[in-house]
file protein-v4.csv (CSV, C-alpha atoms)
chain,number,residue,atom,x,y,z
A,1,MET,CA,32.1,129.6,175.5
A,2,LYS,CA,34.5,129.2,178.4
A,3,LYS,CA,37.9,130.6,177.5
A,4,THR,CA,40.8,128.6,178.9
A,5,LYS,CA,43.5,130.8,180.4
A,6,MET,CA,47.0,129.6,180.3
A,7,ARG,CA,49.1,129.3,183.4
A,8,ARG,CA,51.4,132.3,183.8
A,9,GLU,CA,54.5,130.2,183.5
A,10,ASP,CA,53.3,128.6,180.2
A,11,ARG,CA,52.5,132.0,178.6
A,12,PRO,CA,55.2,133.4,176.3
A,13,SER,CA,56.8,136.6,177.4
A,14,LYS,CA,55.5,139.9,176.1
A,15,GLY,CA,58.5,140.2,173.8
A,16,ARG,CA,58.0,136.7,172.5
A,17,ARG,CA,54.4,137.3,171.8
A,18,ARG,CA,55.3,140.5,170.0
A,19,PHE,CA,57.8,138.5,168.0
A,20,LEU,CA,55.3,135.9,167.1
A,21,GLY,CA,52.7,138.5,166.2
A,22,LEU,CA,50.4,137.5,169.0
A,23,LEU,CA,50.2,141.0,170.5
A,24,GLY,CA,48.1,142.6,167.9
A,25,ALA,CA,50.2,143.1,164.9
A,26,GLY,CA,47.3,141.6,162.9
A,27,ALA,CA,44.9,143.8,164.8
A,28,ALA,CA,47.0,146.9,164.0
A,29,ALA,CA,46.7,145.8,160.3
A,30,GLY,CA,42.9,145.9,160.7
A,31,LEU,CA,42.2,142.1,161.1
A,32,VAL,CA,39.4,141.1,163.4
A,33,THR,CA,40.0,138.5,166.1
A,34,THR,CA,37.8,135.6,167.0
A,35,VAL,CA,37.5,133.0,169.6
A,36,GLU,CA,37.5,129.6,168.0
A,37,PRO,CA,35.1,126.8,169.2
A,38,HIS,CA,36.6,123.4,169.7
A,39,PRO,CA,36.5,121.7,166.3
A,40,HIS,CA,35.0,118.6,167.8
A,41,ARG,CA,31.9,120.4,169.2
A,42,GLY,CA,29.5,122.9,167.9
A,43,THR,CA,31.2,123.4,164.5
A,44,LYS,CA,28.3,122.4,162.3
A,45,GLU,CA,27.4,126.0,161.7
A,46,LEU,CA,31.0,126.8,160.8
A,47,ASP,CA,31.8,126.6,157.1
A,48,LEU,CA,35.2,124.9,157.5
A,49,ARG,CA,37.2,124.3,154.4
A,50,GLU,CA,37.4,120.7,153.3
A,51,ALA,CA,40.9,119.4,153.0
A,52,ASP,CA,42.4,118.6,149.6
A,53,PHE,CA,44.4,115.4,150.2
A,54,TYR,CA,42.6,112.6,152.1
A,55,ARG,CA,40.8,109.4,151.6
A,56,ARG,CA,37.7,108.0,153.2
A,57,LEU,CA,37.9,104.6,155.0
A,58,ASP,CA,34.5,103.1,155.3
A,59,LEU,CA,34.9,100.8,158.3
A,60,ALA,CA,32.4,98.1,159.0
A,61,GLY,CA,30.6,98.4,162.3
B,1,MET,CA,31.6,105.3,161.3
B,2,VAL,CA,33.8,106.8,158.6
B,3,ALA,CA,37.5,107.2,159.3
B,4,VAL,CA,39.7,109.1,156.9
B,5,THR,CA,43.4,108.9,156.0
B,6,CYS,CA,45.1,112.2,155.6
B,7,GLU,CA,47.4,112.0,152.6
B,8,LEU,CA,49.1,115.4,153.1
B,9,CYS,CA,52.2,114.4,155.0
B,10,PRO,CA,54.2,111.1,155.4
B,11,ARG,CA,52.5,110.5,158.8
B,12,ALA,CA,49.4,109.3,156.9
B,13,CYS,CA,47.2,109.7,160.0
B,14,VAL,CA,44.1,107.5,160.2
B,15,ILE,CA,41.6,109.8,161.8
B,16,PRO,CA,38.4,108.5,163.3
B,17,GLU,CA,35.2,110.5,163.2
B,18,SER,CA,35.5,113.7,165.4
B,19,GLY,CA,39.2,113.0,165.8
B,20,ALA,CA,42.1,115.2,164.7
B,21,GLY,CA,45.4,114.3,163.0
B,22,ASP,CA,48.8,114.4,164.7
B,23,CYS,CA,49.0,118.1,163.7
B,24,ARG,CA,45.8,118.8,165.8
B,25,ILE,CA,44.2,121.0,163.2
B,26,ARG,CA,43.0,118.6,160.5
B,27,VAL,CA,39.8,117.1,161.8
B,28,ASN,CA,37.4,114.4,160.6
B,29,LEU,CA,33.9,115.9,160.8
B,30,GLY,CA,31.2,113.5,159.5
B,31,GLY,CA,33.6,111.6,157.3
B,32,ARG,CA,35.1,114.7,155.7
B,33,LEU,CA,38.5,116.0,156.6
B,34,ARG,CA,38.4,119.7,157.5
B,35,ALA,CA,41.2,122.2,157.7
B,36,THR,CA,40.1,123.9,160.9
B,37,THR,CA,42.6,126.8,160.8
B,38,TYR,CA,41.7,127.8,157.2
B,39,GLY,CA,41.5,131.6,157.2
B,40,ARG,CA,42.3,131.8,160.9
B,41,PRO,CA,46.0,132.8,161.4
B,42,SER,CA,47.2,133.2,165.0
B,43,ALA,CA,50.5,135.0,164.1
B,44,VAL,CA,50.5,137.9,161.7
B,45,HIS,CA,53.6,140.1,161.3
B,46,VAL,CA,55.6,142.2,158.8
B,47,ASP,CA,59.2,140.9,158.7
B,48,PRO,CA,62.2,141.6,156.6
B,49,MET,CA,63.0,138.8,154.2
B,50,GLU,CA,66.2,138.2,156.0
B,51,LYS,CA,64.4,136.9,159.0
B,52,LYS,CA,63.0,133.8,157.1
B,53,PRO,CA,66.0,133.5,156.3
B,54,LEU,CA,66.1,134.1,152.6
B,55,TYR,CA,69.3,135.9,151.6
B,56,HIS,CA,69.0,135.5,147.8
B,57,PHE,CA,65.4,136.4,147.3
B,58,ARG,CA,64.3,140.1,147.2
B,59,PRO,CA,66.7,141.2,149.9
B,60,GLY,CA,65.5,143.8,152.4
B,61,SER,CA,61.9,143.6,151.2
B,62,PRO,CA,59.0,143.5,153.7
B,63,VAL,CA,57.2,140.2,153.8
B,64,PHE,CA,53.7,139.7,155.3
B,65,SER,CA,54.2,136.7,157.5
B,66,ILE,CA,51.4,134.4,158.8
B,67,ALA,CA,51.0,131.2,160.6
B,68,THR,CA,48.1,129.2,162.1
B,69,ALA,CA,48.3,126.9,165.1
B,70,GLY,CA,49.4,123.3,164.6
B,71,CYS,CA,52.4,121.4,163.2
B,72,ASN,CA,53.2,118.0,161.9
B,73,LEU,CA,56.6,117.9,163.7
B,74,HIS,CA,57.2,118.0,167.4
B,75,CYS,CA,60.7,119.3,167.8
B,76,LEU,CA,62.0,119.2,171.3
B,77,ASN,CA,63.7,122.5,170.6
B,78,CYS,CA,60.8,124.3,168.9
B,79,GLN,CA,61.2,128.1,168.9
B,80,ASN,CA,57.5,128.6,168.3
B,81,TRP,CA,56.0,125.9,170.4
B,82,GLN,CA,53.3,128.2,171.8
B,83,LEU,CA,51.9,128.3,168.3
B,84,SER,CA,52.9,125.0,166.8
B,85,GLN,CA,52.1,122.6,169.5
B,86,ARG,CA,48.5,123.7,169.9
B,87,GLY,CA,45.2,123.4,168.1
B,88,GLY,CA,43.4,126.6,166.9
B,89,GLU,CA,40.9,126.5,169.8
B,90,GLU,CA,43.8,126.7,172.3
B,91,MET,CA,45.2,129.9,171.0
B,92,GLU,CA,44.9,133.2,172.9
B,93,GLN,CA,44.4,135.0,169.6
B,94,VAL,CA,43.0,134.0,166.3
B,95,TYR,CA,42.4,136.4,163.4
B,96,ARG,CA,39.7,136.0,160.8
B,97,ALA,CA,41.4,136.5,157.4
B,98,ASP,CA,40.2,134.5,154.5
B,99,PRO,CA,42.6,134.7,151.4
B,100,PRO,CA,41.0,137.9,149.9
B,101,LEU,CA,41.3,139.8,153.2
B,102,LEU,CA,44.8,138.5,153.7
B,103,ILE,CA,46.0,139.7,150.3
B,104,ASP,CA,44.3,143.1,150.8
B,105,THR,CA,46.0,143.5,154.2
B,106,ALA,CA,49.4,142.5,152.8
B,107,LEU,CA,49.1,145.1,150.0
B,108,GLU,CA,47.9,147.8,152.4
B,109,GLN,CA,51.0,147.1,154.6
B,110,GLY,CA,53.2,147.7,151.6
B,111,CYS,CA,54.5,144.1,151.4
B,112,GLU,CA,55.9,142.5,148.2
B,113,SER,CA,55.5,138.9,149.4
B,114,ILE,CA,53.6,136.6,151.7
B,115,ALA,CA,55.5,134.2,153.9
B,116,TYR,CA,53.8,131.1,155.3
B,117,THR,CA,56.0,130.5,158.3
B,118,TYR,CA,56.5,130.3,162.1
B,119,SER,CA,54.7,127.0,162.6
B,120,ASP,CA,54.9,124.5,159.6
B,121,PRO,CA,52.7,125.7,156.8
B,122,VAL,CA,52.4,122.2,155.5
B,123,VAL,CA,49.5,121.7,158.0
B,124,PHE,CA,47.5,124.7,156.8
B,125,TYR,CA,48.1,123.6,153.2
B,126,GLU,CA,44.7,124.7,151.8
B,127,TYR,CA,45.0,128.1,153.3
B,128,VAL,CA,48.5,128.5,151.8
B,129,TYR,CA,47.4,127.2,148.4
B,130,ASP,CA,44.4,129.4,148.0
B,131,SER,CA,46.2,132.5,149.4
B,132,ALA,CA,49.2,131.9,147.3
B,133,GLU,CA,47.2,131.6,144.1
B,134,LEU,CA,45.4,134.8,144.8
B,135,ALA,CA,48.6,136.6,145.8
B,136,HIS,CA,50.1,135.8,142.4
B,137,ARG,CA,47.2,137.4,140.7
B,138,HIS,CA,47.9,140.5,142.7
B,139,GLY,CA,51.6,140.6,141.9
B,140,LEU,CA,52.8,139.3,145.3
B,141,SER,CA,55.4,136.6,145.7
B,142,ASN,CA,55.0,133.6,148.0
B,143,VAL,CA,57.6,132.2,150.3
B,144,PHE,CA,57.3,128.9,152.1
B,145,ILE,CA,59.3,128.4,155.3
B,146,THR,CA,59.0,124.7,156.2
B,147,ALA,CA,60.6,121.5,157.4
B,148,ALA,CA,59.2,120.0,154.2
B,149,TYR,CA,57.7,116.9,155.8
B,150,ILE,CA,55.1,116.6,153.1
B,151,ASN,CA,54.1,114.0,150.4
B,152,GLN,CA,55.1,114.6,146.9
B,153,ALA,CA,51.6,115.0,145.2
B,154,PRO,CA,50.5,117.9,147.4
B,155,LEU,CA,54.0,119.4,147.2
B,156,ARG,CA,54.1,119.4,143.4
B,157,ARG,CA,50.8,121.1,143.3
B,158,LEU,CA,51.9,123.7,145.8
B,159,CYS,CA,55.1,124.4,143.9
B,160,GLY,CA,53.0,125.9,141.1
B,161,VAL,CA,52.2,128.9,143.4
B,162,ILE,CA,55.4,129.1,145.6
B,163,ASP,CA,58.3,131.2,144.5
B,164,ALA,CA,60.9,130.5,147.2
B,165,ALA,CA,61.3,128.2,150.1
B,166,ASN,CA,63.6,127.9,153.1
B,167,VAL,CA,63.7,124.3,154.1
B,168,ASP,CA,64.8,123.5,157.6
B,169,LEU,CA,67.0,120.4,157.2
B,170,LYS,CA,67.2,119.4,160.9
B,171,ALA,CA,70.1,117.0,160.5
B,172,PHE,CA,71.5,114.6,158.0
B,173,ASP,CA,70.6,111.7,160.2
B,174,ASP,CA,67.3,109.7,160.4
B,175,GLY,CA,67.8,108.8,164.1
B,176,PHE,CA,68.0,112.5,164.9
B,177,TYR,CA,64.8,113.2,163.1
B,178,ARG,CA,63.1,110.4,165.0
B,179,ARG,CA,64.4,111.3,168.4
B,180,VAL,CA,64.3,115.1,168.3
B,181,ASN,CA,61.6,116.0,165.7
B,182,GLY,CA,59.2,113.0,165.7
B,183,ALA,CA,59.7,112.7,161.9
B,184,THR,CA,62.0,111.0,159.4
B,185,LEU,CA,64.7,112.2,157.0
B,186,ARG,CA,63.9,110.6,153.7
B,187,PRO,CA,60.7,112.4,152.9
B,188,VAL,CA,62.4,115.7,153.6
B,189,LEU,CA,65.2,115.0,151.1
B,190,GLU,CA,62.7,113.8,148.5
B,191,ALA,CA,60.7,117.1,149.0
B,192,LEU,CA,63.9,119.1,148.5
B,193,LYS,CA,64.5,117.3,145.2
B,194,VAL,CA,60.9,117.9,144.1
B,195,MET,CA,61.2,121.7,144.8
B,196,ARG,CA,64.4,121.8,142.8
B,197,GLU,CA,62.7,120.0,139.9
B,198,GLU,CA,59.7,122.3,140.0
B,199,GLY,CA,61.9,125.4,139.9
B,200,VAL,CA,61.3,126.8,143.4
B,201,TRP,CA,64.1,129.0,144.7
B,202,ILE,CA,65.5,127.0,147.6
B,203,GLU,CA,67.6,127.9,150.6
B,204,VAL,CA,68.4,125.4,153.3
B,205,THR,CA,68.8,126.0,157.0
B,206,ASN,CA,70.5,123.7,159.5
B,207,LEU,CA,70.1,124.6,163.2
B,208,LEU,CA,73.2,123.3,164.9
B,209,ILE,CA,72.5,121.9,168.4
B,210,PRO,CA,75.6,121.2,170.5
B,211,THR,CA,76.4,117.5,170.8
B,212,LEU,CA,73.3,116.4,168.8
B,213,ASN,CA,73.9,117.4,165.2
B,214,ASP,CA,77.2,119.3,165.1
B,215,ASP,CA,79.4,116.4,164.0
B,216,LEU,CA,81.6,117.6,161.2
B,217,ALA,CA,81.5,114.3,159.3
B,218,MET,CA,77.7,114.5,159.2
B,219,ILE,CA,77.8,118.1,158.2
B,220,ARG,CA,80.1,117.2,155.3
B,221,ARG,CA,77.7,114.4,154.2
B,222,MET,CA,74.8,116.9,154.2
B,223,ALA,CA,76.8,119.5,152.3
B,224,VAL,CA,77.9,116.9,149.7
B,225,TRP,CA,74.2,115.8,149.3
B,226,ILE,CA,73.1,119.5,148.8
B,227,ARG,CA,75.9,120.1,146.3
B,228,ASP,CA,75.1,117.0,144.3
B,229,GLU,CA,71.3,117.0,144.4
B,230,LEU,CA,70.4,120.7,144.7
B,231,GLY,CA,73.5,122.4,143.3
B,232,ALA,CA,76.7,123.9,144.7
B,233,ARG,CA,75.2,127.4,144.5
B,234,THR,CA,72.3,126.6,146.8
B,235,PRO,CA,72.5,128.9,149.9
B,236,LEU,CA,73.0,127.0,153.2
B,237,HIS,CA,72.4,128.7,156.5
B,238,PHE,CA,73.9,127.3,159.8
B,239,SER,CA,71.8,128.7,162.5
B,240,ARG,CA,72.6,129.1,166.2
B,241,PHE,CA,70.6,127.1,168.7
B,242,HIS,CA,69.2,128.7,171.9
B,243,PRO,CA,67.9,126.4,174.7
B,244,GLN,CA,64.1,126.4,174.9
B,245,TYR,CA,60.9,124.4,175.1
B,246,ARG,CA,61.9,120.8,176.1
B,247,MET,CA,65.6,121.2,175.3
B,248,ARG,CA,66.8,123.6,178.0
B,249,ASN,CA,69.6,121.3,179.1
B,250,LEU,CA,72.0,122.2,176.3
B,251,PRO,CA,73.9,125.5,175.9
B,252,PRO,CA,73.7,127.9,172.9
B,253,THR,CA,75.8,126.9,170.0
B,254,PRO,CA,79.3,128.3,170.3
B,255,ALA,CA,80.3,130.6,167.4
B,256,ALA,CA,83.4,128.4,166.8
B,257,THR,CA,81.1,125.5,166.0
B,258,LEU,CA,79.2,127.5,163.5
B,259,ASP,CA,82.5,128.7,161.9
B,260,ARG,CA,83.8,125.1,161.7
B,261,ALA,CA,80.5,123.9,160.1
B,262,ARG,CA,80.7,126.8,157.6
B,263,ARG,CA,84.3,125.9,156.6
B,264,GLU,CA,83.4,122.3,156.2
B,265,ALA,CA,80.4,123.0,154.0
B,266,MET,CA,82.5,125.3,151.8
B,267,ASP,CA,85.3,122.8,151.6
B,268,ALA,CA,82.7,120.3,150.4
B,269,GLY,CA,82.0,122.6,147.5
B,270,LEU,CA,79.0,124.8,148.6
B,271,VAL,CA,79.5,128.4,147.5
B,272,TYR,CA,77.1,130.4,149.6
B,273,VAL,CA,77.2,129.3,153.3
B,274,TYR,CA,75.9,131.6,156.0
B,275,VAL,CA,75.9,131.8,159.7
B,276,GLY,CA,72.6,132.9,161.4
B,277,ASN,CA,71.5,134.1,164.8
B,278,VAL,CA,74.9,135.6,165.5
B,279,MET,CA,74.8,139.3,165.4
B,280,GLY,CA,77.5,140.9,163.2
B,281,HIS,CA,79.1,137.6,162.1
B,282,GLU,CA,81.0,137.9,158.8
B,283,GLY,CA,79.2,134.7,157.7
B,284,GLY,CA,75.9,136.7,157.7
B,285,SER,CA,77.0,138.6,154.6
B,286,THR,CA,77.2,137.7,150.9
B,287,TYR,CA,80.6,137.8,149.1
B,288,CYS,CA,81.5,137.3,145.5
B,289,PRO,CA,82.9,133.8,145.2
B,290,VAL,CA,85.3,135.0,142.4
B,291,ASP,CA,87.0,138.1,143.8
B,292,GLY,CA,85.7,138.3,147.4
B,293,THR,CA,83.9,141.6,147.0
B,294,LEU,CA,81.3,142.3,149.8
B,295,LEU,CA,78.0,142.2,147.9
B,296,ILE,CA,75.4,142.3,150.6
B,297,GLY,CA,76.4,143.3,154.2
B,298,ARG,CA,74.0,142.2,157.0
B,299,THR,CA,73.8,142.7,160.7
B,300,GLY,CA,71.1,140.5,162.2
B,301,PHE,CA,68.1,140.8,160.0
B,302,TRP,CA,69.2,144.1,158.6
B,303,ILE,CA,71.0,145.0,155.4
B,304,THR,CA,73.9,147.4,156.0
B,305,GLU,CA,75.0,147.7,152.4
B,306,ASN,CA,73.9,146.2,149.0
B,307,ASN,CA,76.5,146.5,146.2
B,308,LEU,CA,74.9,144.0,143.8
B,309,THR,CA,73.9,145.4,140.4
B,310,ALA,CA,70.2,145.4,139.6
B,311,ASP,CA,70.7,142.2,137.7
B,312,GLY,CA,72.4,140.4,140.6
B,313,ASN,CA,75.9,140.7,139.4
B,314,CYS,CA,79.1,141.5,141.3
B,315,PRO,CA,79.9,145.2,140.6
B,316,THR,CA,83.7,144.5,140.1
B,317,CYS,CA,84.0,141.2,138.2
B,318,LYS,CA,80.4,140.9,136.9
B,319,GLU,CA,80.0,137.4,138.3
B,320,HIS,CA,76.3,136.6,138.4
B,321,ILE,CA,75.0,135.6,141.8
B,322,PRO,CA,72.1,133.2,141.7
B,323,GLY,CA,68.8,134.4,143.3
B,324,VAL,CA,65.8,136.5,142.7
B,325,TRP,CA,66.9,140.1,143.1
B,326,ARG,CA,63.9,142.2,142.0
call {"tool": "encode", "arguments": {"input": "protein-v4.csv", "output": "structure tokens"}}
result
Amino acid sequence: MKKTKMRREDRPSKGRRRFLGLLGAGAAAGLVTTVEPHPHRGTKELDLREADFYRRLDLAG
Amino acid sequence: MVAVTCELCPRACVIPESGAGDCRIRVNLGGRLRATTYGRPSAVHVDPMEKKPLYHFRPGSPVFSIATAGCNLHCLNCQNWQLSQRGGEEMEQVYRADPPLLIDTALEQGCESIAYTYSDPVVFYEYVYDSAELAHRHGLSNVFITAAYINQAPLRRLCGVIDAANVDLKAFDDGFYRRVNGATLRPVLEALKVMREEGVWIEVTNLLIPTLNDDLAMIRRMAVWIRDELGARTPLHFSRFHPQYRMRNLPPTPAATLDRARREAMDAGLVYVYVGNVMGHEGGSTYCPVDGTLLIGRTGFWITENNLTADGNCPTCKEHIPGVWR
């Protein structure tokens, strides 16, 4: 899967990423990272949790 | 074609098949709404409780703080827009942490609580609920840091597993909510009342943005509402704005503005009014409302002294300070 790289000016600073926990605080805690596929494509094999509060609208046509 | 209506928040997004809600992360796949960031936090951190900010809930304790991508608000001044205004697949980093692994990791890190925070945890509701339920079974507390833009039915269910909440009340003005946050005021006020009814410990934060929501008359109306609906002893935090995201045209909030707001709210009858994001400000500490004794001294997110008794009383006059102290 192609990974989209953010433009440099859009990327948060290193300090900001550390503050947000984006610089591996989770990894330091032993969590494994993943690259997420776009939810609109190729997600059939993913066991995504069904939401709790919604209603189906069966639309004609 | 089967569309769905999301009934989690007041937006009530009607989502066509393969489409996402306004929050970007609740997606209609084959006529079923899926929470795509479930078990996939993008921010994981151990913070002090004071950073949330919660000043009357387990002071100084480490809290395992998580967030996923997505948000149901679109604040022009968002501090965490790199996280909140994206879908999960746009994040540079996504962890895999289903609730059992999350709880194990929090315990390994020596935390006493889990905070659902940074972006708005309303949008990763199912992840919060399942994790919070499991956290309780392992003796951990749950704190919910939110703008409270959520419908009452899901909120009431969530309150059963949440111990404390800091609610970001953006302004006491519906027009401000519509212009700056892409939301509305009334559901937030209703959510605060529900949390109060359900026995969740509540603290309220109001970020003061120069010229937009620093009008003293409005601040007084907000303080009076909090006093009457939530109780005079509900902690209120006035927080300093810093220019960022799409609101870089305004200066940081002057300390004098925060002082005036604090005095106004105290004049209106609120007992515990704090100033945040100003290092070393006296309004960052907790004082006894009866004899003025310094109870908890704070600098930034750090506690410099804690003179409360174990039961949460003033050591000199024995006045009980409301909160969860152990």
call {"tool": "residues_around", "arguments": {"input": "protein-v4.csv", "residues": "Met195 of chain B", "least_positions_apart": "3", "cutoff": "9 Å", "atoms": "all atoms listed in the file", "output": "VMD selection string"}}
result
chain B and resid 155 to 156 159 165 190 to 192 198 to 202
call {"tool": "interface_residues", "arguments": {"input": "protein-v4.csv", "of": "chain B", "to": "chain A", "cutoff": "7 Å", "atoms": "all atoms listed in the file", "output": "tab-separated table (two decimals) with C-alpha atoms, in the frame of the given file"}}
result
chain	number	residue	atom	x	y	z
B	1	MET	CA	31.60	105.30	161.30
B	2	VAL	CA	33.80	106.80	158.60
B	3	ALA	CA	37.50	107.20	159.30
B	4	VAL	CA	39.70	109.10	156.90
B	5	THR	CA	43.40	108.90	156.00
B	6	CYS	CA	45.10	112.20	155.60
B	7	GLU	CA	47.40	112.00	152.60
B	8	LEU	CA	49.10	115.40	153.10
B	18	SER	CA	35.50	113.70	165.40
B	31	GLY	CA	33.60	111.60	157.30
B	32	ARG	CA	35.10	114.70	155.70
B	33	LEU	CA	38.50	116.00	156.60
B	34	ARG	CA	38.40	119.70	157.50
B	35	ALA	CA	41.20	122.20	157.70
B	36	THR	CA	40.10	123.90	160.90
B	38	TYR	CA	41.70	127.80	157.20
B	42	SER	CA	47.20	133.20	165.00
B	43	ALA	CA	50.50	135.00	164.10
B	44	VAL	CA	50.50	137.90	161.70
B	45	HIS	CA	53.60	140.10	161.30
B	88	GLY	CA	43.40	126.60	166.90
B	89	GLU	CA	40.90	126.50	169.80
B	93	GLN	CA	44.40	135.00	169.60
B	94	VAL	CA	43.00	134.00	166.30
B	95	TYR	CA	42.40	136.40	163.40
B	96	ARG	CA	39.70	136.00	160.80
B	97	ALA	CA	41.40	136.50	157.40
B	105	THR	CA	46.00	143.50	154.20
B	126	GLU	CA	44.70	124.70	151.80
call {"tool": "residues_around", "arguments": {"input": "protein-v4.csv", "residues": "segment 308-325 of chain B", "least_positions_apart": "4", "cutoff": "9 Å", "atoms": "only C-alpha atoms", "output": "list of chain:residue names"}}
result
B:Tyr55, B:His56, B:Phe57, B:Arg58, B:Pro59, B:Ala164, B:Trp201, B:Arg233, B:Thr234, B:Tyr287, B:Cys288, B:Pro289, B:Val290, B:Asp291, B:Thr293, B:Leu294, B:Leu295, B:Ile296
call {"tool": "atom_distance", "arguments": {"input": "protein-v4.csv", "atom1": "atom CA of Ala217 of chain B", "atom2": "atom CA of Cys75 of chain B"}}
result
23.0 Å
call {"tool": "atom_distance", "arguments": {"input": "protein-v4.csv", "atom1": "atom CA of Ile114 of chain B", "atom2": "atom CA of Asp163 of chain B"}}
result
10.2 Å
call {"tool": "atom_distance", "arguments": {"input": "protein-v4.csv", "atom1": "atom CA of Asn213 of chain B", "atom2": "atom CA of Phe176 of chain B"}}
result
7.7 Å
call {"tool": "residues_around", "arguments": {"input": "protein-v4.csv", "residues": "segment 252-268 of chain B", "least_positions_apart": "2", "cutoff": "9 Å", "atoms": "only C-alpha atoms", "output": "PyMOL selection string"}}
result
chain B and resi 208-210+214-217+219-224+227+236-243+250+270-276+278+281+283
call {"tool": "residues_around", "arguments": {"input": "protein-v4.csv", "residues": "Phe301 of chain B", "least_positions_apart": "5", "cutoff": "8 Å", "atoms": "only C-alpha atoms", "output": "ChimeraX atom specification"}}
result
/B:48-51
call {"tool": "build_atoms", "arguments": {"input": "protein-v4.csv", "residues": "segment 73-89 of chain B", "atoms": "N, CA and C atoms", "output": "CSV table (one decimal), in the coordinates of the input"}}
result
chain,number,residue,atom,x,y,z
B,73,LEU,N,55.4,118.3,163.0
B,73,LEU,CA,56.6,117.9,163.7
B,73,LEU,C,56.4,118.3,165.2
B,74,HIS,N,57.2,117.7,166.0
B,74,HIS,CA,57.2,118.0,167.4
B,74,HIS,C,58.6,118.1,168.0
B,75,CYS,N,59.3,119.1,167.4
B,75,CYS,CA,60.7,119.3,167.8
B,75,CYS,C,60.9,119.7,169.2
B,76,LEU,N,61.8,119.0,169.9
B,76,LEU,CA,62.0,119.2,171.3
B,76,LEU,C,62.5,120.6,171.6
B,77,ASN,N,63.1,121.2,170.5
B,77,ASN,CA,63.7,122.5,170.6
B,77,ASN,C,62.9,123.6,169.9
B,78,CYS,N,61.6,123.4,169.7
B,78,CYS,CA,60.8,124.3,168.9
B,78,CYS,C,60.9,125.7,169.4
B,79,GLN,N,61.1,126.7,168.5
B,79,GLN,CA,61.2,128.1,168.9
B,79,GLN,C,59.8,128.6,169.1
B,80,ASN,N,58.8,128.1,168.4
B,80,ASN,CA,57.5,128.6,168.3
B,80,ASN,C,56.4,127.6,168.9
B,81,TRP,N,56.8,126.9,169.9
B,81,TRP,CA,56.0,125.9,170.4
B,81,TRP,C,54.6,126.4,170.9
B,82,GLN,N,54.6,127.6,171.4
B,82,GLN,CA,53.3,128.2,171.8
B,82,GLN,C,52.3,128.2,170.7
B,83,LEU,N,52.8,128.2,169.5
B,83,LEU,CA,51.9,128.3,168.3
B,83,LEU,C,51.8,126.9,167.7
B,84,SER,N,52.9,126.2,167.6
B,84,SER,CA,52.9,125.0,166.8
B,84,SER,C,52.4,123.8,167.5
B,85,GLN,N,52.5,123.8,168.8
B,85,GLN,CA,52.1,122.6,169.5
B,85,GLN,C,50.7,122.7,170.2
B,86,ARG,N,49.8,123.4,169.5
B,86,ARG,CA,48.5,123.7,169.9
B,86,ARG,C,47.5,123.6,168.8
B,87,GLY,N,46.3,123.3,169.1
B,87,GLY,CA,45.2,123.4,168.1
B,87,GLY,C,44.7,124.9,168.1
B,88,GLY,N,43.9,125.2,167.1
B,88,GLY,CA,43.4,126.6,166.9
B,88,GLY,C,42.6,127.0,168.1
B,89,GLU,N,41.8,126.1,168.7
B,89,GLU,CA,40.9,126.5,169.8
B,89,GLU,C,41.7,126.8,171.1
